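Content type compact mmCIF, C-alpha atoms, from the file protein-v5.txt:
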# COMPACT_ATOMS: atom_id res chain seq x y z
CA MET A 29 -110.09 -169.24 9.62
CA THR A 30 -106.31 -168.93 9.89
CA LYS A 31 -104.31 -166.96 7.34
CA HIS A 32 -102.39 -170.13 6.44
CA PHE A 33 -105.56 -172.10 5.75
CA SER A 34 -107.14 -169.30 3.71
CA LYS A 35 -103.97 -168.93 1.66
CA ILE A 36 -103.84 -172.66 0.92
CA ALA A 37 -107.56 -172.80 0.13
CA VAL A 38 -107.49 -169.86 -2.27
CA GLY A 39 -104.26 -170.90 -4.00
CA THR A 40 -105.50 -174.47 -4.45
CA CYS A 41 -108.90 -173.38 -5.77
CA LEU A 42 -107.31 -170.95 -8.26
CA ILE A 43 -105.45 -173.93 -9.72
CA ALA A 44 -108.11 -176.61 -9.30
CA ALA A 45 -111.12 -174.66 -10.64
CA PRO A 46 -109.78 -174.13 -14.19
CA LEU A 47 -108.08 -177.55 -14.14
CA LEU A 48 -111.38 -179.31 -13.41
CA THR A 49 -113.05 -177.19 -16.08
CA LEU A 50 -110.42 -178.33 -18.57
CA VAL A 51 -110.99 -181.97 -17.55
CA SER A 52 -114.75 -181.53 -18.05
CA THR A 53 -114.30 -180.21 -21.58
CA LEU A 54 -111.87 -183.00 -22.47
CA MET A 55 -114.38 -185.56 -21.17
CA SER A 56 -117.33 -183.97 -22.95
CA PRO A 57 -118.90 -185.62 -25.97
CA ALA A 58 -120.17 -183.35 -28.72
CA ILE A 59 -122.30 -180.40 -27.62
CA LYS A 60 -125.30 -179.79 -29.86
CA SER A 61 -127.57 -176.78 -30.12
CA ASP A 62 -130.43 -179.02 -31.28
CA GLU A 63 -132.08 -180.77 -28.33
CA ALA A 64 -132.85 -184.01 -30.21
CA ALA A 65 -129.25 -184.25 -31.39
CA GLN A 66 -127.98 -183.61 -27.86
CA ILE A 67 -130.17 -186.33 -26.37
CA ALA A 68 -128.89 -188.73 -29.03
CA VAL A 69 -125.28 -187.87 -28.14
CA ILE A 70 -125.96 -188.47 -24.45
CA ALA A 71 -127.58 -191.82 -25.21
CA GLN A 72 -124.41 -192.85 -27.08
CA HIS A 73 -121.99 -191.55 -24.43
CA PRO A 74 -123.79 -191.55 -21.04
CA ALA A 75 -120.64 -192.03 -18.93
CA ARG A 76 -118.76 -189.24 -20.66
CA TYR A 77 -121.67 -186.83 -20.32
CA TYR A 78 -122.01 -187.67 -16.64
CA ALA A 79 -118.28 -187.01 -16.13
CA PHE A 80 -118.67 -183.73 -18.03
CA ALA A 81 -121.52 -182.69 -15.72
CA VAL A 82 -119.63 -183.66 -12.53
CA PHE A 83 -116.36 -181.92 -13.42
CA THR A 84 -118.16 -178.84 -14.75
CA PHE A 85 -120.07 -178.41 -11.49
CA ALA A 86 -116.94 -179.03 -9.41
CA GLY A 87 -114.94 -176.46 -11.37
CA ILE A 88 -117.64 -173.83 -10.98
CA ALA A 89 -118.05 -174.57 -7.26
CA LEU A 90 -114.32 -174.09 -6.62
CA MET A 91 -114.44 -170.79 -8.50
CA VAL A 92 -116.34 -169.27 -5.55
CA PRO A 93 -113.43 -169.34 -3.07
CA ALA A 94 -111.07 -168.47 -5.93
CA ILE A 95 -113.00 -165.25 -6.64
CA LEU A 96 -113.13 -164.42 -2.94
CA GLY A 97 -109.35 -164.78 -2.86
CA LEU A 98 -108.92 -162.46 -5.84
CA MET A 99 -111.17 -159.91 -4.12
CA HIS A 100 -108.85 -160.12 -1.10
CA LEU A 101 -105.89 -159.08 -3.27
CA THR A 102 -107.66 -155.82 -4.18
CA ARG A 103 -108.84 -154.85 -0.70
CA ASP A 104 -106.23 -152.18 0.07
CA ARG A 105 -105.49 -150.59 -3.31
CA ALA A 106 -108.62 -151.07 -5.41
CA PRO A 107 -111.43 -152.13 -3.06
CA GLY A 108 -114.25 -150.64 -5.11
CA TRP A 109 -113.34 -152.51 -8.27
CA GLY A 110 -112.70 -155.69 -6.30
CA ASN A 111 -115.82 -155.58 -4.16
CA TRP A 112 -118.31 -154.70 -6.90
CA GLY A 113 -116.66 -156.81 -9.57
CA GLY A 114 -116.17 -159.79 -7.29
CA SER A 115 -119.76 -159.60 -6.03
CA LEU A 116 -121.14 -159.61 -9.57
CA ALA A 117 -118.80 -162.44 -10.54
CA LEU A 118 -119.97 -164.45 -7.53
CA VAL A 119 -123.64 -163.94 -8.46
CA GLY A 120 -122.91 -165.12 -12.01
CA THR A 121 -120.88 -168.08 -10.75
CA ILE A 122 -123.62 -169.27 -8.41
CA ILE A 123 -126.19 -169.03 -11.23
CA ALA A 124 -123.78 -170.97 -13.46
CA ALA A 125 -123.52 -173.65 -10.78
CA GLY A 126 -127.30 -174.00 -10.90
CA ASP A 127 -127.13 -174.37 -14.67
CA ALA A 128 -124.40 -177.00 -14.34
CA ALA A 129 -126.44 -178.95 -11.79
CA THR A 130 -129.30 -179.31 -14.28
CA GLN A 131 -126.97 -181.34 -16.52
CA TRP A 132 -127.47 -184.34 -14.24
CA LEU A 133 -131.15 -184.19 -15.18
CA VAL A 134 -130.26 -183.81 -18.86
CA TRP A 135 -127.93 -186.82 -18.51
CA GLN A 136 -130.87 -188.93 -17.40
CA MET A 137 -132.92 -187.76 -20.38
CA GLY A 138 -130.57 -189.80 -22.55
CA ALA A 139 -130.67 -192.89 -20.33
CA ALA A 140 -131.46 -196.29 -21.78
CA GLY A 141 -135.18 -196.87 -22.07
CA ALA A 142 -136.11 -193.19 -22.17
CA ASP A 143 -138.26 -191.99 -25.06
CA GLN A 144 -135.79 -189.74 -26.87
CA ALA A 145 -138.46 -187.81 -28.75
CA GLN A 146 -140.30 -186.97 -25.52
CA MET A 147 -137.07 -186.09 -23.71
CA ALA A 148 -135.98 -183.83 -26.59
CA ALA A 149 -139.36 -182.07 -26.51
CA LEU A 150 -139.07 -181.57 -22.74
CA LEU A 151 -135.51 -180.23 -23.04
CA HIS A 152 -136.64 -177.86 -25.78
CA ARG A 153 -139.45 -176.53 -23.57
CA TYR A 154 -136.99 -176.04 -20.73
CA ASP A 155 -134.43 -174.26 -22.91
CA SER A 156 -137.08 -172.05 -24.50
CA ALA A 157 -138.92 -171.05 -21.33
CA ALA A 158 -138.24 -167.51 -20.20
CA GLY A 159 -138.37 -168.65 -16.59
CA SER A 160 -135.23 -170.72 -17.10
CA SER A 161 -133.41 -168.87 -19.88
CA VAL A 162 -133.63 -165.33 -18.44
CA PRO A 163 -131.90 -166.11 -15.10
CA PHE A 164 -129.04 -167.85 -16.91
CA THR A 165 -128.71 -164.91 -19.33
CA ILE A 166 -128.54 -162.53 -16.37
CA GLY A 167 -125.96 -164.80 -14.76
CA GLY A 168 -123.81 -164.80 -17.88
CA LEU A 169 -123.86 -161.00 -18.07
CA ALA A 170 -123.11 -160.72 -14.35
CA ILE A 171 -120.06 -162.94 -14.52
CA VAL A 172 -118.64 -161.18 -17.59
CA VAL A 173 -119.11 -157.68 -16.17
CA GLY A 174 -117.95 -158.84 -12.76
CA VAL A 175 -114.80 -160.52 -14.02
CA VAL A 176 -113.91 -157.46 -16.12
CA MET A 177 -114.30 -155.18 -13.09
CA LEU A 178 -112.43 -157.56 -10.78
CA SER A 179 -109.59 -157.90 -13.30
CA VAL A 180 -109.35 -154.11 -13.59
CA GLY A 181 -109.17 -154.00 -9.81
CA LEU A 182 -106.39 -156.59 -9.73
CA TYR A 183 -104.43 -154.60 -12.30
CA ARG A 184 -104.99 -151.24 -10.60
CA ALA A 185 -103.97 -152.76 -7.27
CA ARG A 186 -100.82 -154.04 -8.96
CA ALA A 187 -101.61 -157.43 -7.47
CA VAL A 188 -101.06 -159.35 -10.70
CA PRO A 189 -99.43 -158.70 -14.09
CA ALA A 190 -101.52 -157.52 -17.00
CA TRP A 191 -101.47 -160.84 -18.84
CA THR A 192 -103.10 -162.79 -15.97
CA ALA A 193 -105.83 -160.17 -15.55
CA ALA A 194 -106.47 -160.16 -19.31
CA GLY A 195 -106.33 -163.95 -19.42
CA PHE A 196 -109.00 -164.20 -16.74
CA VAL A 197 -111.35 -162.04 -18.81
CA ALA A 198 -110.52 -163.78 -22.09
CA GLY A 199 -110.99 -167.24 -20.60
CA ILE A 200 -114.41 -166.42 -19.14
CA VAL A 201 -115.64 -164.74 -22.33
CA LEU A 202 -114.45 -167.64 -24.49
CA ASN A 203 -116.11 -170.11 -22.13
CA ILE A 204 -119.48 -168.41 -22.64
CA VAL A 205 -118.87 -168.18 -26.39
CA GLY A 206 -118.01 -171.90 -26.47
CA PHE A 207 -121.25 -172.92 -24.81
CA THR A 208 -123.27 -170.50 -26.95
CA ALA A 209 -121.65 -171.82 -30.14
CA SER A 210 -121.78 -175.45 -28.91
CA SER A 211 -118.05 -175.74 -29.56
CA VAL A 212 -115.98 -178.13 -27.46
CA GLY A 213 -112.84 -176.77 -29.14
CA VAL A 214 -113.50 -173.21 -27.96
CA LEU A 215 -114.26 -174.53 -24.47
CA ILE A 216 -110.91 -176.32 -24.37
CA VAL A 217 -109.08 -173.14 -25.43
CA SER A 218 -110.92 -171.11 -22.79
CA SER A 219 -110.04 -173.65 -20.09
CA VAL A 220 -106.36 -173.63 -21.04
CA ILE A 221 -106.27 -169.81 -20.88
CA LEU A 222 -107.98 -169.81 -17.48
CA LEU A 223 -105.61 -172.45 -16.18
CA ALA A 224 -102.59 -170.44 -17.32
CA ALA A 225 -103.85 -167.18 -15.82
CA LEU A 226 -105.50 -168.31 -12.60
CA GLY A 227 -103.12 -171.20 -12.08
CA THR A 228 -100.15 -168.81 -12.15
CA ILE A 229 -101.77 -166.60 -9.53
CA GLY A 230 -102.69 -169.61 -7.41
CA TRP A 231 -99.19 -171.08 -7.57
CA ARG A 232 -97.61 -167.80 -6.44
CA ILE A 233 -100.12 -167.44 -3.60
CA LEU A 234 -99.21 -170.91 -2.36
CA ALA A 235 -95.52 -169.99 -2.48
CA GLU A 236 -95.74 -166.64 -0.68
CA PRO A 237 -95.40 -166.19 3.11
CA ASP A 238 -98.59 -166.27 5.14
CA ASP A 239 -98.08 -162.69 6.33
CA ASP A 240 -97.81 -161.39 2.76
CA TRP A 241 -101.08 -163.11 1.92
CA ALA A 242 -102.82 -161.81 5.03
CA GLY A 243 -101.67 -158.28 4.21
CA ALA A 244 -102.91 -158.56 0.60
CA ARG A 245 -99.48 -157.52 -0.65
CA PRO A 246 -98.88 -157.58 -4.42
CA LEU A 247 -97.64 -160.92 -5.71
CA ALA A 248 -94.20 -161.08 -7.30
CA LEU A 249 -95.59 -161.95 -10.71
CA GLY A 250 -93.50 -159.87 -13.06
CA ARG A 251 -94.55 -156.25 -12.45
CA GLY A 252 -91.62 -155.73 -10.09
CA GLY A 253 -90.78 -152.21 -11.27
CA GLU A 254 -94.36 -151.16 -10.74
CA LEU A 255 -94.76 -152.80 -7.36
CA ALA A 256 -92.27 -150.75 -5.41
CA GLY A 257 -93.08 -147.25 -4.29
CA HIS A 258 -95.77 -146.40 -6.80
CA PRO A 259 -99.36 -145.68 -5.75
CA ALA A 260 -102.19 -147.49 -7.45
CA GLY A 261 -103.84 -145.66 -10.30

Can I see the file as structure tokens?
Amino acid sequence: MTKHFSKIAVGTCLIAAPLLTLVSTLMSPAIKSDEAAQIAVIAQHPARYYAFAVFTFAGIALMVPAILGLMHLTRDRAPGWGNWGGSLALVGTIIAAGDAATQWLVWQMGAAGADQAQMAALLHRYDSAAGSSVPFTIGGLAIVVGVVMLSVGLYRARAVPAWTAAGFVAGIVLNIVGFTASSVGVLIVSSVILLAALGTIGWRILAEPDDDWAGARPLALGRGGELAGHPAG
């Protein structure tokens, strides 16, 4: 993989991942905590729920190269934080992708002709089973802890300004809160925050020279006084 290609791939994914997540939340019909109510919503808006499932999965999938790119920025000045945090974040992201993929099955539960009572009962059994809920809980914890550690690494490496590191954490936490609270509004806010934070980093990566990217040099994102001649903390 050439340094030019990796730079373009990472910069694009840092912009596209939160953008697709925002599109998915804007496309989403109401999210309900009650399984019967959710199946009824899907039956009323099957196309919107399908679009929600597709864009959610796509956004999560593109987060994998985005996280790898953020880990790259920490490799020289905060490798421990970047490696451990990024690895945990990747584990959580892959588990989240599995969760997102199940939404295509849930979409079909609300298809025309399906017995909504039976589908709601099946969805309730799935949501309540420890075999399905525990892995997703572990994944949620992994991505939160991982993103916090990775963001600390980015800050300590002076690779990004404080607000983008904090925005990354805030956006991920609010995303999990939004799904837990079944709130489309909170999900929209979380997506906007992620787009502002990660999109800024991605845009600057795309604009920087290939050699700067290959050398994992700090991005010129507003911490200029801190970037020159000061060792990482």

Need the shell around segment 232-240 of chain A: protein/DNA/RNA residues with any atom at most 12 Å away, counting all atoms listed in the file. Skip same-chain ones fewer than 6 positions apart. Format as a VMD selection string? chain A and resid 30 to 43 94 97 to 98 100 to 101 187 to 188 225 to 226 246 to 250

Straight-line distance linking atom CA of Leu116 of chain A with atom CA of Met55 of chain A, stated in Å to one decimal: 29.2 Å

Please indicate the distance in Å from atom CA of Val162 of chain A to atom CA of Gly126 of chain A, rounded to one decimal place.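 Spanning atom CA of Val162 of chain A to atom CA of Gly126 of chain A is a straight-line distance of 13.1 Å.
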
Using Å and a single decimal, report how far atom CA of Thr130 of chain A sits from atom CA of Phe196 of chain A. 25.4 Å

Write out as JSON, numbers by chain each polymer residue whose atoms come within 10 Å of Val214 of chain A, counting all atoms listed in the file; drop sequence neighbours fewer than 3 positions from it. {"A": [53, 199, 202, 203, 204, 205, 206, 207, 209, 210, 211, 217, 218, 219, 220]}

Calculated over only C-alpha atoms, which of the candidates A:Ala170, A:Ala44, A:Leu178, A:Ala139 has the smallest distance to Ala68 of chain A?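 Checking each candidate against Ala68 of chain A, we get A:Ala139 as the closest.
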
Between A:Val51, A:Leu90, A:Ala75, A:Met137, which is the closest to Leu151 of chain A once you count only C-alpha atoms?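 Going through A:Val51, A:Leu90, A:Ala75, A:Met137 one by one, the smallest distance to Leu151 of chain A is for A:Met137.
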
Considering only C-alpha atoms, return as a ChimeraX atom specification whatever protein or nucleic-acid residues lie within 6 Å of Gly110 of chain A, sequence-local ones (same chain, fewer than 3 positions apart) excluded. /A:99,102,107,113-114,178,181

Selected residue of minimal separation from Trp135 of chain A among A:Gly108, A:Pro74, A:Gly195, A:Gly167, counting only C-alpha atoms: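 Closest to Trp135 of chain A of all the choices is A:Pro74.
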
When you count only C-alpha atoms, which of these residues is closest to Ala128 of chain A: A:Leu47, A:Ala81, A:Ile216, A:Ala140?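 Checking each of A:Leu47, A:Ala81, A:Ile216, A:Ala140 against Ala128 of chain A, counting only C-alpha atoms, the winner is A:Ala81.
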
Go through A:Gln131, A:Thr84, A:Gln66, A:Gln72 one by one, measure the shortest atom-to-atom distance of each to Thr49 of chain A using only C-alpha atoms, and give the residue with the smallest value. A:Thr84

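Between Met147 of chain A and the candidates A:Leu50, A:Ile67, A:Ala242, A:Ile171, the tightest atom-to-atom separation, counting only C-alpha atoms, involves A:Ile67.
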
Considering all atoms listed in the file, return as a PDB file with C-alpha atoms, in the coordinates of the input whatever protein or nucleic-acid residues lie within 10 Å of segment 152-158 of chain A, sequence-local ones (same chain, fewer than 6 positions apart) excluded.
ATOM      1  CA  ASP A  62    -130.430-179.020 -31.280  1.00  0.00           C
ATOM      2  CA  GLU A  63    -132.080-180.770 -28.330  1.00  0.00           C
ATOM      3  CA  ALA A  64    -132.850-184.010 -30.210  1.00  0.00           C
ATOM      4  CA  GLN A 146    -140.300-186.970 -25.520  1.00  0.00           C
ATOM      5  CA  PHE A 164    -129.040-167.850 -16.910  1.00  0.00           C
ATOM      6  CA  THR A 165    -128.710-164.910 -19.330  1.00  0.00           C
TER       7      THR A 165
END
